[in-house]
$ cat work_3.pdb   # PDB, C-alpha atoms
ATOM      1  CA  MET A 220       6.224  43.565 -68.241
ATOM      2  CA  GLY A 221       7.654  46.911 -69.245
ATOM      3  CA  GLN A 222      11.216  47.938 -69.985
ATOM      4  CA  GLY A 223      13.986  49.536 -67.985
ATOM      5  CA  ILE A 224      14.120  50.880 -64.455
ATOM      6  CA  THR A 225      12.069  53.617 -62.810
ATOM      7  CA  VAL A 226      13.129  55.072 -59.485
ATOM      8  CA  VAL A 227      10.534  56.899 -57.401
ATOM      9  CA  GLY A 228      12.208  58.692 -54.530
ATOM     10  CA  SER A 229      14.287  61.480 -53.073
ATOM     11  CA  LEU A 230      16.851  63.887 -54.450
ATOM     12  CA  ASN A 231      19.220  65.620 -52.005
ATOM     13  CA  ALA A 232      22.366  67.673 -51.937
ATOM     14  CA  ASP A 233      24.818  65.862 -49.636
ATOM     15  CA  LEU A 234      26.990  68.093 -47.430
ATOM     16  CA  VAL A 235      29.804  65.750 -46.380
ATOM     17  CA  VAL A 236      32.387  66.345 -43.662
ATOM     18  CA  ALA A 237      35.204  63.968 -42.680
ATOM     19  CA  VAL A 238      35.992  63.574 -38.969
ATOM     20  CA  ARG A 239      38.367  61.359 -37.037
ATOM     21  CA  ARG A 240      35.510  60.340 -34.746
ATOM     22  CA  PHE A 241      31.873  61.261 -34.266
ATOM     23  CA  PRO A 242      31.051  63.814 -31.547
ATOM     24  CA  GLY A 243      29.191  62.802 -28.410
ATOM     25  CA  PRO A 244      26.133  64.719 -27.158
ATOM     26  CA  GLY A 245      27.032  68.388 -26.668
ATOM     27  CA  GLU A 246      30.563  67.856 -28.018
ATOM     28  CA  THR A 247      32.281  69.693 -30.883
ATOM     29  CA  VAL A 248      34.897  67.971 -33.038
ATOM     30  CA  THR A 249      36.966  69.398 -35.889
ATOM     31  CA  GLY A 250      36.417  68.124 -39.409
ATOM     32  CA  HIS A 251      39.340  67.806 -41.758
ATOM     33  CA  ASP A 252      37.584  67.754 -45.149
ATOM     34  CA  PHE A 253      34.337  69.012 -46.687
ATOM     35  CA  ALA A 254      32.578  68.504 -50.020
ATOM     36  CA  VAL A 255      29.118  68.784 -51.558
ATOM     37  CA  PHE A 256      27.877  65.803 -53.582
ATOM     38  CA  PRO A 257      24.615  65.079 -55.409
ATOM     39  CA  GLY A 258      22.659  62.530 -53.393
ATOM     40  CA  GLY A 259      19.335  61.365 -51.987
ATOM     41  CA  LYS A 260      18.569  57.650 -51.864
ATOM     42  CA  GLY A 261      16.302  57.828 -54.894
ATOM     43  CA  ALA A 262      18.713  59.852 -56.993
ATOM     44  CA  ASN A 263      21.658  57.715 -55.896
ATOM     45  CA  GLN A 264      19.911  54.565 -57.073
ATOM     46  CA  ALA A 265      18.864  56.184 -60.347
ATOM     47  CA  PHE A 266      22.389  57.486 -60.963
ATOM     48  CA  ALA A 267      23.899  54.069 -60.259
ATOM     49  CA  ALA A 268      21.381  52.332 -62.504
ATOM     50  CA  GLY A 269      22.075  54.846 -65.273
ATOM     51  CA  ARG A 270      25.802  54.154 -65.031
ATOM     52  CA  LEU A 271      25.195  50.422 -65.262
ATOM     53  CA  ALA A 272      22.669  50.663 -68.098
ATOM     54  CA  SER A 273      25.013  52.791 -70.238
ATOM     55  CA  GLY A 274      22.146  53.878 -72.471
ATOM     56  CA  GLU A 275      21.134  50.317 -73.361
ATOM     57  CA  MET A 276      18.193  50.287 -70.939
ATOM     58  CA  PRO A 277      15.936  53.233 -70.032
ATOM     59  CA  VAL A 278      16.380  54.565 -66.493
ATOM     60  CA  ARG A 279      13.874  57.137 -65.247
ATOM     61  CA  MET A 280      13.807  59.293 -62.109
ATOM     62  CA  VAL A 281      10.490  60.343 -60.578
ATOM     63  CA  GLY A 282      10.750  62.851 -57.729
ATOM     64  CA  GLN A 283      10.807  66.497 -56.729
ATOM     65  CA  VAL A 284      13.350  69.244 -56.057
ATOM     66  CA  GLY A 285      13.077  72.830 -54.865
ATOM     67  CA  GLY A 286      13.229  75.940 -57.009
ATOM     68  CA  ASP A 287      16.885  76.602 -56.191
ATOM     69  CA  ALA A 288      20.333  76.020 -57.665
ATOM     70  CA  TYR A 289      20.687  72.637 -55.947
ATOM     71  CA  GLY A 290      17.603  71.346 -57.774
ATOM     72  CA  GLU A 291      18.930  72.092 -61.248
ATOM     73  CA  TRP A 292      22.354  70.762 -60.272
ATOM     74  CA  LEU A 293      20.809  67.439 -59.222
ATOM     75  CA  ARG A 294      18.908  67.151 -62.499
ATOM     76  CA  GLN A 295      22.075  67.758 -64.466
ATOM     77  CA  SER A 296      23.985  65.160 -62.473
ATOM     78  CA  LEU A 297      21.387  62.504 -63.256
ATOM     79  CA  SER A 298      21.200  63.491 -66.908
ATOM     80  CA  ARG A 299      24.950  63.060 -67.276
ATOM     81  CA  ALA A 300      24.548  59.491 -66.028
ATOM     82  CA  GLY A 301      21.965  58.785 -68.722
ATOM     83  CA  VAL A 302      18.898  59.111 -66.496
ATOM     84  CA  ASP A 303      15.646  60.522 -67.897
ATOM     85  CA  VAL A 304      14.664  63.407 -65.575
ATOM     86  CA  THR A 305      11.436  64.372 -67.377
ATOM     87  CA  HIS A 306       9.445  63.454 -64.274
ATOM     88  CA  VAL A 307      11.543  65.338 -61.710
ATOM     89  CA  ARG A 308       9.135  68.090 -60.642
ATOM     90  CA  THR A 309       9.890  71.433 -58.996
ATOM     91  CA  ASP A 310       8.206  72.706 -55.833
ATOM     92  CA  ALA A 311       9.099  76.390 -55.964
ATOM     93  CA  ALA A 312       7.855  76.913 -52.402
ATOM     94  CA  ALA A 313      10.308  74.444 -50.853
ATOM     95  CA  PRO A 314      14.093  74.064 -50.750
ATOM     96  CA  THR A 315      15.768  71.077 -52.332
ATOM     97  CA  GLY A 316      16.360  68.269 -49.841
ATOM     98  CA  LEU A 317      19.645  68.281 -47.929
ATOM     99  CA  ALA A 318      21.612  65.545 -46.184
ATOM    100  CA  MET A 319      24.358  66.350 -43.699
ATOM    101  CA  VAL A 320      26.816  63.438 -43.664
ATOM    102  CA  ALA A 321      29.694  62.868 -41.242
ATOM    103  CA  ILE A 322      32.238  60.145 -42.070
ATOM    104  CA  ASP A 323      34.702  58.881 -39.464
ATOM    105  CA  ALA A 324      38.156  57.313 -39.765
ATOM    106  CA  ALA A 325      36.627  53.807 -39.983
ATOM    107  CA  ALA A 326      34.555  54.856 -43.041
ATOM    108  CA  GLN A 327      31.287  54.651 -41.081
ATOM    109  CA  ASN A 328      28.735  57.433 -41.460
ATOM    110  CA  GLN A 329      26.098  59.394 -39.568
ATOM    111  CA  ILE A 330      23.455  61.199 -41.617
ATOM    112  CA  VAL A 331      20.840  63.866 -40.878
ATOM    113  CA  VAL A 332      18.312  64.450 -43.680
ATOM    114  CA  VAL A 333      16.235  67.609 -44.224
ATOM    115  CA  PRO A 334      13.426  66.525 -46.607
ATOM    116  CA  GLY A 335      12.675  69.871 -48.254
ATOM    117  CA  ALA A 336      10.846  69.306 -51.547
ATOM    118  CA  ASN A 337      10.944  65.552 -51.017
ATOM    119  CA  GLY A 338       8.503  66.017 -48.153
ATOM    120  CA  SER A 339       5.874  67.672 -50.351
ATOM    121  CA  PHE A 340       6.040  65.024 -53.091
ATOM    122  CA  ASN A 341       2.517  63.688 -52.546
ATOM    123  CA  PRO A 342       0.625  60.880 -54.350
ATOM    124  CA  ALA A 343      -1.171  63.317 -56.657
ATOM    125  CA  ALA A 344       2.214  64.202 -58.123
ATOM    126  CA  LEU A 345       2.426  60.668 -59.530
ATOM    127  CA  THR A 346      -0.479  61.274 -61.908
ATOM    128  CA  ALA A 347       1.759  62.786 -64.574
ATOM    129  CA  ALA A 348       4.366  60.078 -64.006
ATOM    130  CA  HIS A 349       1.976  57.113 -64.072
ATOM    131  CA  HIS A 350       3.335  55.711 -67.339
ATOM    132  CA  ALA A 351       6.935  56.116 -66.186
ATOM    133  CA  VAL A 352       6.106  53.768 -63.300
ATOM    134  CA  ALA A 353       3.752  51.399 -65.109
ATOM    135  CA  ASP A 354       6.020  50.961 -68.137
ATOM    136  CA  ALA A 355       9.071  49.817 -66.153
ATOM    137  CA  ALA A 356      10.403  46.270 -65.767
ATOM    138  CA  VAL A 357      11.767  47.166 -62.308
ATOM    139  CA  VAL A 358      10.639  49.924 -59.922
ATOM    140  CA  LEU A 359      12.951  51.052 -57.108
ATOM    141  CA  LEU A 360      11.467  52.686 -53.999
ATOM    142  CA  GLN A 361      12.782  54.062 -50.690
ATOM    143  CA  LEU A 362      11.274  55.876 -47.680
ATOM    144  CA  GLU A 363      12.696  59.416 -48.023
ATOM    145  CA  ILE A 364       9.451  60.650 -49.584
ATOM    146  CA  PRO A 365       5.951  60.541 -47.996
ATOM    147  CA  LEU A 366       4.786  56.993 -47.289
ATOM    148  CA  PRO A 367       1.457  57.400 -49.163
ATOM    149  CA  THR A 368       3.454  58.268 -52.294
ATOM    150  CA  VAL A 369       5.596  55.165 -51.877
ATOM    151  CA  GLN A 370       2.489  53.025 -51.416
ATOM    152  CA  THR A 371       0.847  54.517 -54.510
ATOM    153  CA  ALA A 372       3.933  53.922 -56.639
ATOM    154  CA  ALA A 373       4.200  50.338 -55.385
ATOM    155  CA  ARG A 374       0.558  49.685 -56.235
ATOM    156  CA  ILE A 375       0.918  51.106 -59.753
ATOM    157  CA  ALA A 376       4.054  49.040 -60.343
ATOM    158  CA  ARG A 377       2.556  45.817 -58.955
ATOM    159  CA  GLU A 378      -0.605  46.182 -61.043
ATOM    160  CA  ALA A 379       1.551  46.671 -64.149
ATOM    161  CA  GLY A 380       3.598  43.525 -63.431
ATOM    162  CA  ALA A 381       6.890  45.244 -62.595
ATOM    163  CA  ILE A 382       9.424  43.858 -60.136
ATOM    164  CA  VAL A 383       9.154  46.099 -57.051
ATOM    165  CA  ILE A 384      12.222  46.644 -54.862
ATOM    166  CA  LEU A 385      11.788  48.618 -51.633
ATOM    167  CA  ASP A 386      14.743  49.939 -49.654
ATOM    168  CA  PRO A 387      13.080  50.667 -46.269
ATOM    169  CA  ALA A 388      15.336  53.574 -45.374
ATOM    170  CA  PRO A 389      15.198  55.628 -43.303
ATOM    171  CA  ALA A 390      13.597  52.905 -41.206
ATOM    172  CA  ARG A 391      10.039  53.386 -40.002
ATOM    173  CA  ALA A 392       6.911  51.323 -39.554
ATOM    174  CA  VAL A 393       5.274  50.309 -42.834
ATOM    175  CA  ALA A 394       1.805  48.949 -43.509
ATOM    176  CA  ASP A 395       1.225  45.342 -44.527
ATOM    177  CA  VAL A 396      -0.415  46.559 -47.736
ATOM    178  CA  LEU A 397       2.949  47.978 -48.811
ATOM    179  CA  LEU A 398       4.807  44.781 -47.922
ATOM    180  CA  ARG A 399       2.377  42.794 -50.075
ATOM    181  CA  SER A 400       3.214  45.005 -53.068
ATOM    182  CA  VAL A 401       6.975  44.394 -52.808
ATOM    183  CA  ASP A 402       9.006  41.618 -54.455
ATOM    184  CA  TYR A 403      12.286  42.415 -52.676
ATOM    185  CA  LEU A 404      12.422  44.210 -49.318
ATOM    186  CA  THR A 405      16.076  45.194 -48.754
ATOM    187  CA  PRO A 406      16.747  46.419 -45.185
ATOM    188  CA  ASN A 407      20.137  46.595 -43.542
ATOM    189  CA  GLU A 408      20.451  45.109 -40.051
ATOM    190  CA  SER A 409      19.450  48.306 -38.250
ATOM    191  CA  GLU A 410      16.426  48.814 -40.492
ATOM    192  CA  LEU A 411      15.387  45.182 -40.082
ATOM    193  CA  SER A 412      15.467  45.658 -36.306
ATOM    194  CA  VAL A 413      13.183  48.701 -36.506
ATOM    195  CA  LEU A 414      10.792  47.106 -38.998
ATOM    196  CA  THR A 415      10.272  44.217 -36.601
ATOM    197  CA  GLY A 416       9.508  46.444 -33.634
ATOM    198  CA  GLY A 417      12.906  46.664 -31.959
ATOM    199  CA  ALA A 418      15.550  49.284 -31.319
ATOM    200  CA  PRO A 419      18.111  49.799 -34.107
ATOM    201  CA  GLN A 420      20.893  47.207 -33.972
ATOM    202  CA  ALA A 421      23.989  47.703 -36.097
ATOM    203  CA  THR A 422      24.713  43.968 -36.276
ATOM    204  CA  LEU A 423      22.533  40.872 -36.041
ATOM    205  CA  ARG A 424      23.365  37.208 -35.814
ATOM    206  CA  ARG A 425      22.285  35.274 -38.892
ATOM    207  CA  GLY A 426      19.640  33.307 -37.017
ATOM    208  CA  ASP A 427      18.149  36.498 -35.577
ATOM    209  CA  ALA A 428      18.128  38.138 -39.019
ATOM    210  CA  VAL A 429      16.313  35.143 -40.511
ATOM    211  CA  ALA A 430      13.725  35.107 -37.721
ATOM    212  CA  ARG A 431      13.074  38.833 -38.081
ATOM    213  CA  ALA A 432      12.873  38.572 -41.884
ATOM    214  CA  ARG A 433      10.258  35.852 -41.558
ATOM    215  CA  GLN A 434       8.176  38.114 -39.339
ATOM    216  CA  LEU A 435       7.944  40.459 -42.329
ATOM    217  CA  ILE A 436       7.225  37.579 -44.695
ATOM    218  CA  ALA A 437       4.347  36.540 -42.442
ATOM    219  CA  ARG A 438       2.966  40.062 -42.904
ATOM    220  CA  GLY A 439       3.073  39.798 -46.694
ATOM    221  CA  ALA A 440       6.626  40.387 -47.925
ATOM    222  CA  THR A 441       7.703  37.892 -50.605
ATOM    223  CA  ARG A 442      11.463  38.061 -50.122
ATOM    224  CA  VAL A 443      13.545  39.903 -47.541
ATOM    225  CA  LEU A 444      17.110  40.633 -48.629
ATOM    226  CA  VAL A 445      19.117  41.707 -45.579
ATOM    227  CA  LYS A 446      22.198  43.807 -46.336
ATOM    228  CA  MET A 447      24.706  42.746 -43.664
ATOM    229  CA  GLY A 448      27.819  44.715 -44.625
ATOM    230  CA  ARG A 449      30.992  42.640 -44.573
ATOM    231  CA  GLN A 450      28.955  39.485 -43.904
ATOM    232  CA  GLY A 451      27.239  39.824 -47.260
ATOM    233  CA  ALA A 452      23.565  39.847 -48.226
ATOM    234  CA  LEU A 453      21.113  37.312 -46.816
ATOM    235  CA  LEU A 454      18.078  36.421 -48.947
ATOM    236  CA  VAL A 455      15.236  35.008 -46.865
ATOM    237  CA  THR A 456      11.992  33.486 -48.142
ATOM    238  CA  GLU A 457       9.244  31.622 -46.313
ATOM    239  CA  SER A 458      11.100  28.318 -46.589
ATOM    240  CA  ALA A 459      14.732  29.053 -47.521
ATOM    241  CA  GLU A 460      17.706  31.313 -46.928
ATOM    242  CA  GLN A 461      20.755  32.090 -49.073
ATOM    243  CA  LEU A 462      23.856  34.132 -48.229
ATOM    244  CA  GLN A 463      25.629  36.079 -50.953
ATOM    245  CA  PRO A 464      29.124  36.767 -49.526
ATOM    246  CA  ALA A 465      30.549  40.270 -49.739
ATOM    247  CA  PHE A 466      33.458  40.920 -52.060
ATOM    248  CA  PRO A 467      36.643  41.617 -50.073
ATOM    249  CA  VAL A 468      37.553  45.281 -50.554
ATOM    250  CA  GLU A 469      39.037  48.093 -48.470
ATOM    251  CA  ALA A 470      36.237  50.499 -47.562
ATOM    252  CA  VAL A 471      36.769  54.256 -47.841
ATOM    253  CA  ASP A 472      33.167  55.532 -47.616
ATOM    254  CA  THR A 473      30.111  53.339 -47.042
ATOM    255  CA  THR A 474      27.579  56.160 -47.530
ATOM    256  CA  ALA A 475      25.801  54.851 -50.644
ATOM    257  CA  ALA A 476      26.647  51.147 -50.524
ATOM    258  CA  GLY A 477      23.002  50.162 -50.033
ATOM    259  CA  ASP A 478      21.936  52.351 -52.951
ATOM    260  CA  ALA A 479      24.585  50.789 -55.185
ATOM    261  CA  PHE A 480      23.444  47.316 -54.125
ATOM    262  CA  ASN A 481      19.808  48.017 -54.993
ATOM    263  CA  ALA A 482      20.716  49.554 -58.335
ATOM    264  CA  GLY A 483      22.872  46.546 -59.200
ATOM    265  CA  LEU A 484      20.049  44.195 -58.242
ATOM    266  CA  ALA A 485      17.538  46.163 -60.322
ATOM    267  CA  PHE A 486      19.812  46.322 -63.358
ATOM    268  CA  ALA A 487      20.601  42.605 -63.258
ATOM    269  CA  LEU A 488      16.966  41.576 -62.810
ATOM    270  CA  GLY A 489      15.868  44.034 -65.492
ATOM    271  CA  SER A 490      18.448  42.506 -67.833
ATOM    272  CA  GLY A 491      16.972  39.040 -67.326
ATOM    273  CA  ALA A 492      19.519  37.604 -64.879
ATOM    274  CA  ASP A 493      18.370  34.837 -62.559
ATOM    275  CA  GLU A 494      18.137  35.608 -58.874
ATOM    276  CA  ALA A 495      21.492  34.130 -57.829
ATOM    277  CA  ASP A 496      23.370  36.033 -60.536
ATOM    278  CA  ALA A 497      21.470  39.218 -59.696
ATOM    279  CA  LEU A 498      22.522  38.942 -56.046
ATOM    280  CA  ARG A 499      26.162  38.513 -57.016
ATOM    281  CA  TYR A 500      25.944  41.470 -59.411
ATOM    282  CA  ALA A 501      24.424  43.611 -56.650
ATOM    283  CA  ALA A 502      27.165  42.615 -54.205
ATOM    284  CA  ALA A 503      29.867  43.522 -56.725
ATOM    285  CA  THR A 504      28.267  46.908 -57.427
ATOM    286  CA  ALA A 505      28.139  47.707 -53.717
ATOM    287  CA  ALA A 506      31.708  46.518 -53.141
ATOM    288  CA  ILE A 507      33.135  48.905 -55.703
ATOM    289  CA  SER A 508      31.102  51.833 -54.381
ATOM    290  CA  VAL A 509      32.598  51.649 -50.872
ATOM    291  CA  THR A 510      36.139  52.004 -52.241
ATOM    292  CA  ARG A 511      35.384  55.562 -53.422
ATOM    293  CA  PRO A 512      34.258  58.743 -51.637
ATOM    294  CA  GLY A 513      30.883  60.358 -52.112
ATOM    295  CA  ALA A 514      27.478  58.961 -52.981
ATOM    296  CA  GLN A 515      26.911  59.339 -56.723
ATOM    297  CA  PRO A 516      30.617  59.802 -57.574
ATOM    298  CA  SER A 517      31.293  56.371 -56.041
ATOM    299  CA  MET A 518      28.927  54.508 -58.351
ATOM    300  CA  PRO A 519      30.703  52.065 -60.679
ATOM    301  CA  SER A 520      30.344  51.648 -64.411
ATOM    302  CA  ARG A 521      29.216  48.370 -65.928
ATOM    303  CA  ALA A 522      32.817  47.676 -66.970
ATOM    304  CA  ASP A 523      33.948  48.130 -63.342
ATOM    305  CA  VAL A 524      31.407  45.589 -62.110
ATOM    306  CA  GLU A 525      32.116  43.073 -64.843
ATOM    307  CA  SER A 526      35.828  43.328 -64.110
ATOM    308  CA  LEU A 527      35.271  42.557 -60.432
ATOM    309  CA  LEU A 528      32.945  39.682 -61.246
ATOM    310  CA  LYS A 529      35.631  38.144 -63.456
ATOM    311  CA  SER A 530      38.549  38.630 -61.075
ATOM    312  CA  GLY A 531      37.046  38.783 -57.595
ATOM    313  CA  SER A 532      35.449  36.362 -55.205
ATOM    314  CA  GLY A 533      32.172  36.399 -53.419
TER     315      GLY A 533
END
$ encode --input "work_3.pdb" --output "structure tokens"
Amino acid sequence: MGQGITVVGSLNADLVVAVRRFPGPGETVTGHDFAVFPGGKGANQAFAAGRLASGEMPVRMVGQVGGDAYGEWLRQSLSRAGVDVTHVRTDAAAPTGLAMVAIDAAAQNQIVVVPGANGSFNPAALTAAHHAVADAAVVLLQLEIPLPTVQTAARIAREAGAIVILDPAPARAVADVLLRSVDYLTPNESELSVLTGGAPQATLRRGDAVARARQLIARGATRVLVKMGRQGALLVTESAEQLQPAFPVEAVDTTAAGDAFNAGLAFALGSGADEADALRYAAATAAISVTRPGAQPSMPSRADVESLLKSGSG
């Protein structure tokens, strides 16, 4: 097994507006705050992992930005968090990816993503980054880049003996060959609904979540780790289930909670933690992130997480 964490995924600029409530179809509402944050599910997870690693474990980002000011800004943001951006390519013919995020008074979010350069990040682009993927202990993947690229990265990582974690977001149908290459599939409840052929459901009963997770296990997934918000995280295998309770915190912005969770899981597993401790570490990382605004700015340091683990519950 290699060392450190490699993230293969998206980089976006997040345009975030705060609203009291989301608009209905054809309706206009007035926002009361606006900010631009570095984001993208891939970059968020890399940034969070870099913060946790604190230079003691290599964290690498593999992805693509456009030839514009946003692209360089995103590279710099990751570099400041200790992330190696050597393998962040530039597609000069495309804009950097954008995400338009609305956050309501209950700290829930609605997101529209424009892929930009993420959409042209094809499997051939992984040739130069092969070693960055194969040399990792843990590889983090998401679905904001083309699916063939995700599948190629998963195959490279699996063949090299890395732990492969796939965040299936945004939710879409995935092939069984990809599920068989993944050690931890980490959907939220809505994504789990879509992956199992249903309409998106914001909340699921535990029994329903277990049944749906086992549908994916029957197709080849090893473990399905369902992120269930305030209920916690439910780890499902072929023969067992385990709930990691959420840490009790007051949420301000849930935008990148799933990204924080996956980064915490990757860091803990990459550091040699057993599965139960890794789940608790991931839950603590996510809990801290929702108490702060923004995606990357909300990501906690290792000291933050260790403090919560010592003083909190969950």
$ closest_residue --input "work_3.pdb" --among "A:Pro244, A:Leu498, A:Gly274, A:Gly483" --to "Asp523 of chain A" --atoms "all atoms listed in the file"
A:Gly483
$ resolve_selection --input "work_3.pdb" --expression "the PyMOL selection byres ((chain A and resi 404) around 7)" --output "ChimeraX atom specification"
/A:384-386,401-403,405-406,442-444
$ resolve_selection --input "work_3.pdb" --expression "the PyMOL selection byres ((chain A and resi 399) around 8)" --output "VMD selection string"
chain A and resid 395 to 398 400 to 401 438 to 441
$ atom_distance --input "work_3.pdb" --atom1 "atom CA of Ser520 of chain A" --atom2 "atom CA of Val235 of chain A"
22.9 Å
$ resolve_selection --input "work_3.pdb" --expression "the PyMOL selection byres ((chain A and resi 467) around 9)" --output "MDAnalysis selection string"
chainID A and resid 449 464:466 468:469 506 531:533
$ closest_residue --input "work_3.pdb" --among "A:Arg521, A:Arg374, A:Arg511, A:Arg499" --to "Thr473 of chain A" --atoms "only C-alpha atoms"
A:Arg511
$ atom_distance --input "work_3.pdb" --atom1 "atom CA of Met518 of chain A" --atom2 "atom CA of Thr456 of chain A"
28.9 Å
$ residues_near_point --input "work_3.pdb" --point "(2.4, 51.4, -63.4)" --cutoff "10 Å" --atoms "only C-alpha atoms" --output "JSON, numbers by chain"
{"A": [220, 221, 225, 348, 349, 350, 351, 352, 353, 354, 355, 356, 358, 371, 372, 373, 374, 375, 376, 377, 378, 379, 380, 381]}
$ closest_atom_pairs --input "work_3.pdb" --of "segment 329-392 of chain A" --to "segment 409-432 of chain A" --cutoff "10 Å" --atoms "all atoms listed in the file" --output "Markdown table"
| residue | atom | partner | partner_atom | distance |
| --- | --- | --- | --- | --- |
| A:Asp386 | CA | A:Glu410 | CA | 9.4 |
| A:Pro387 | CA | A:Glu410 | CA | 6.9 |
| A:Ala388 | CA | A:Glu410 | CA | 6.9 |
| A:Pro389 | CA | A:Glu410 | CA | 7.5 |
| A:Ala390 | CA | A:Glu410 | CA | 5.0 |
| A:Arg391 | CA | A:Leu414 | CA | 6.4 |
| A:Ala392 | CA | A:Leu414 | CA | 5.8 |
$ closest_residue --input "work_3.pdb" --among "A:Asn337, A:Gln461, A:Ser296, A:Thr504" --to "Asp310 of chain A" --atoms "only C-alpha atoms"
A:Asn337
$ atom_distance --input "work_3.pdb" --atom1 "atom CA of Ala318 of chain A" --atom2 "atom CA of Asp233 of chain A"
4.7 Å
$ residues_around --input "work_3.pdb" --residues "Ser298 of chain A" --least-positions-apart "5" --cutoff "10 Å" --atoms "only C-alpha atoms" --output "JSON list (two decimals) with C-alpha atoms, in the coordinates of the input"
[["chain", "number", "residue", "atom", "x", "y", "z"],
["A", 266, "PHE", "CA", 22.39, 57.49, -60.96],
["A", 269, "GLY", "CA", 22.08, 54.85, -65.27],
["A", 279, "ARG", "CA", 13.87, 57.14, -65.25],
["A", 280, "MET", "CA", 13.81, 59.29, -62.11],
["A", 292, "TRP", "CA", 22.35, 70.76, -60.27],
["A", 293, "LEU", "CA", 20.81, 67.44, -59.22],
["A", 303, "ASP", "CA", 15.65, 60.52, -67.90],
["A", 304, "VAL", "CA", 14.66, 63.41, -65.58],
["A", 305, "THR", "CA", 11.44, 64.37, -67.38]]
$ residues_around --input "work_3.pdb" --residues "Leu359 of chain A" --least-positions-apart "2" --cutoff "9 Å" --atoms "only C-alpha atoms" --output "list in words"
Ile224, Thr225, Val226, Val227, Gly228, Gly261, Gln264, Ala265, Val357, Gln361, Ala373, Ile382, Val383, Ile384, Leu385, Asp386, Asn481, Ala482 and Ala485 of chain A
$ closest_residue --input "work_3.pdb" --among "A:Val332, A:Leu528, A:Ala268, A:Ala324" --to "Asp478 of chain A" --atoms "all atoms listed in the file"
A:Ala268
$ closest_residue --input "work_3.pdb" --among "A:Ala497, A:Asn231, A:Ala326, A:Pro367" --to "Tyr289 of chain A" --atoms "all atoms listed in the file"
A:Asn231
$ closest_residue --input "work_3.pdb" --among "A:Glu275, A:Gly448, A:Ala475, A:Glu460" --to "Arg433 of chain A" --atoms "all atoms listed in the file"
A:Glu460
$ axis_aligned_box --input "work_3.pdb" --around "segment 496-507 of chain A" --padding-each-side "3 Å" --output "lines of an AutoDock Vina configuration file"
center_x = 27.3
center_y = 42.5
center_z = -56.8
size_x = 17.7
size_y = 18.9
size_z = 13.4
